[in-house]
Amino acid sequence: MRPILIVLVLIALALLPLYGSDVMIQFGISTLLLAVLAQGWNIIGGYTGYASFGNSVFYGLGSYGVGIAMVSLHLPFAVGMALGVALAVIFALCLGLPVLRLKGHYFAIATLALAQIMAAIVSNIGIAGQNIGLVLPPLNDDPLFYELSLILLVLATLTVWWLTRSRFGFGLIAIRENEEGAVVMGVDTTRYKIMAFTLAGIFSALAGGIHAYWITFLDPESAFDITLNVKMIIMAVFGGPGTVLGPIVGSFILSAISEILSSEVTSIAGLFFGVVIVVAVTLMPRGLADVLRRFRKLGWRYFI
């Protein structure tokens, strides 16, 4: 029944522009892009076991790839998306080798600094608009951006599903569980980690490119916002890191709750993700997917 249910949900999501309001479509775009970011982080964080705070850099590079191509070079949107992906791949390959040699909190701190460094660099590049930013040509076609976001999420999810059945994915899981043991078993851990870092960067860059063209404005502060990286981590951890559908479920649930709180109870909306972090880490560190799988057997003892 699970494949049938997934197909039905996918059809309902694809047809949303036909029956949904403008507000619902805009909320759908934001939620789908966050789900893509969560899936991208899931590759490096959930399957490889490296808690990256640098995926927002890929998001910003994808945004600026589209912005520079369309505003400064007067090229079409598709070329901008390709440029954003190329920038993300180059960044991942150049910095992946030194950064991925670090482990644990050292790796997290190193990647945390990447977004601030890249924002400072972009602020001094004339073709990127420096501190002022770039204003993209408007395209008032929310259904188009919605469908692009949905297609990108499907591609990201299929990639994660492939990881669960491929030699490459098994290698990433081996690195997550015991990197030294994976080396002994013949896994080229350096190459695998760089490939995972690059793959996560590609999806993050594509999401950033779509978002930049949708909102038609970007600047260094918003493009390389570290809070966006925190959100994608929370959503992946809440749904279930290292699973195929966990990050999507986490993104949909947390985005809906956050939207309701922002419109109804603004004063506590800012505390919401902080509460989610505490609850997820203390009560269900393996995510909602693991709770649903084991709660029937263990009951409330699961949380103990």
# chains A, B, ... in the order shown; residues from 1 in each chain; ligands from 1

$ residues_around --residues "stretch 244-261 of chain A" --least-positions-apart "5" --cutoff "10 Å" --atoms "only C-alpha atoms" --output "MDAnalysis selection string"
chainID A and resid 6 27:28 30:43 46 153 156:164 231:239 266:273 276 286:290

$ closest_atom_pairs --of "stretch 88-136 of chain A" --to "stretch 200-204 of chain A" --cutoff "9 Å" --atoms "only C-alpha atoms" --output "JSON lines"
{"residue": "A:Ala88", "atom": "CA", "partner": "A:Gly201", "partner_atom": "CA", "distance": 5.8}
{"residue": "A:Val89", "atom": "CA", "partner": "A:Ile202", "partner_atom": "CA", "distance": 6.8}
{"residue": "A:Phe91", "atom": "CA", "partner": "A:Gly201", "partner_atom": "CA", "distance": 8.8}
{"residue": "A:Ala92", "atom": "CA", "partner": "A:Gly201", "partner_atom": "CA", "distance": 7.0}

$ residues_around --residues "stretch 174-179 of chain A" --least-positions-apart "6" --cutoff "10 Å" --atoms "only C-alpha atoms" --output "ChimeraX atom specification"
/A:44-50,168,185,187-190,192-193,242

$ select_by_dssp --residues "stretch 43-256 of chain A" --states "alpha helix (DSSP H)" --output "JSON, numbers by chain"
{"A": [55, 56, 57, 58, 59, 60, 61, 62, 63, 64, 65, 66, 67, 77, 78, 79, 80, 81, 82, 83, 84, 85, 86, 87, 88, 89, 90, 91, 92, 93, 94, 95, 96, 97, 98, 99, 104, 105, 106, 107, 108, 109, 110, 111, 112, 113, 114, 115, 116, 117, 118, 119, 120, 121, 122, 142, 143, 144, 145, 146, 147, 148, 149, 150, 151, 152, 153, 154, 155, 156, 157, 158, 159, 160, 161, 162, 163, 167, 168, 169, 170, 171, 172, 173, 174, 175, 176, 177, 179, 180, 181, 182, 183, 184, 189, 190, 191, 192, 193, 194, 195, 196, 197, 198, 199, 200, 201, 202, 203, 204, 205, 206, 207, 208, 209, 210, 211, 212, 213, 214, 215, 220, 221, 222, 223, 226, 227, 228, 229, 230, 231, 232, 233, 234, 235, 236, 237, 238, 239, 246, 247, 248, 249, 250, 251, 252, 253, 254, 255, 256]}

$ closest_residue --among "A:Asn140, A:Thr111, A:Thr198, A:Asn55" --to "A:Ile215" --atoms "only C-alpha atoms"
A:Asn140

$ closest_residue --among "A:Leu155, A:Leu61, A:Val275, A:Ala113" --to "A:Ala128" --atoms "only C-alpha atoms"
A:Leu61

$ closest_residue --among "A:Ala115, A:Ile277, A:Val291, A:Ile121" --to "A:Ala223" --atoms "only C-alpha atoms"
A:Ala115

$ residues_around --residues "A:Val85" --least-positions-apart "2" --cutoff "7 Å" --atoms "only C-alpha atoms" --output "PyMOL selection string"
chain A and resi 62+81-83+87-89+202+205-206

$ write_last_selection --atoms "C-alpha atoms" --output "PDB file, in the first residue's frame"
ATOM      1  CA  GLY A  62      22.704  28.770  -6.718  1.00  0.00           C
ATOM      2  CA  MET A  81      20.589  27.406 -12.948  1.00  0.00           C
ATOM      3  CA  ALA A  82      23.481  25.668 -14.715  1.00  0.00           C
ATOM      4  CA  LEU A  83      25.864  28.410 -13.567  1.00  0.00           C
ATOM      5  CA  LEU A  87      29.605  27.195  -8.780  1.00  0.00           C
ATOM      6  CA  ALA A  88      28.316  24.763  -6.157  1.00  0.00           C
ATOM      7  CA  VAL A  89      30.249  21.835  -7.644  1.00  0.00           C
ATOM      8  CA  ILE A 202      23.764  20.435  -6.322  1.00  0.00           C
ATOM      9  CA  ALA A 205      21.987  25.207  -5.421  1.00  0.00           C
ATOM     10  CA  LEU A 206      19.009  24.292  -7.608  1.00  0.00           C
TER      11      LEU A 206
END

$ closest_residue --among "A:Arg293, A:His211, A:His74, A:Arg301" --to "A:Thr243" --atoms "only C-alpha atoms"
A:Arg293

$ atom_distance --atom1 "atom CA of A:Leu139" --atom2 "atom CA of A:Gly209"
13.7 Å

$ atom_distance --atom1 "atom CA of A:Leu114" --atom2 "atom CA of A:Phe53"
8.3 Å
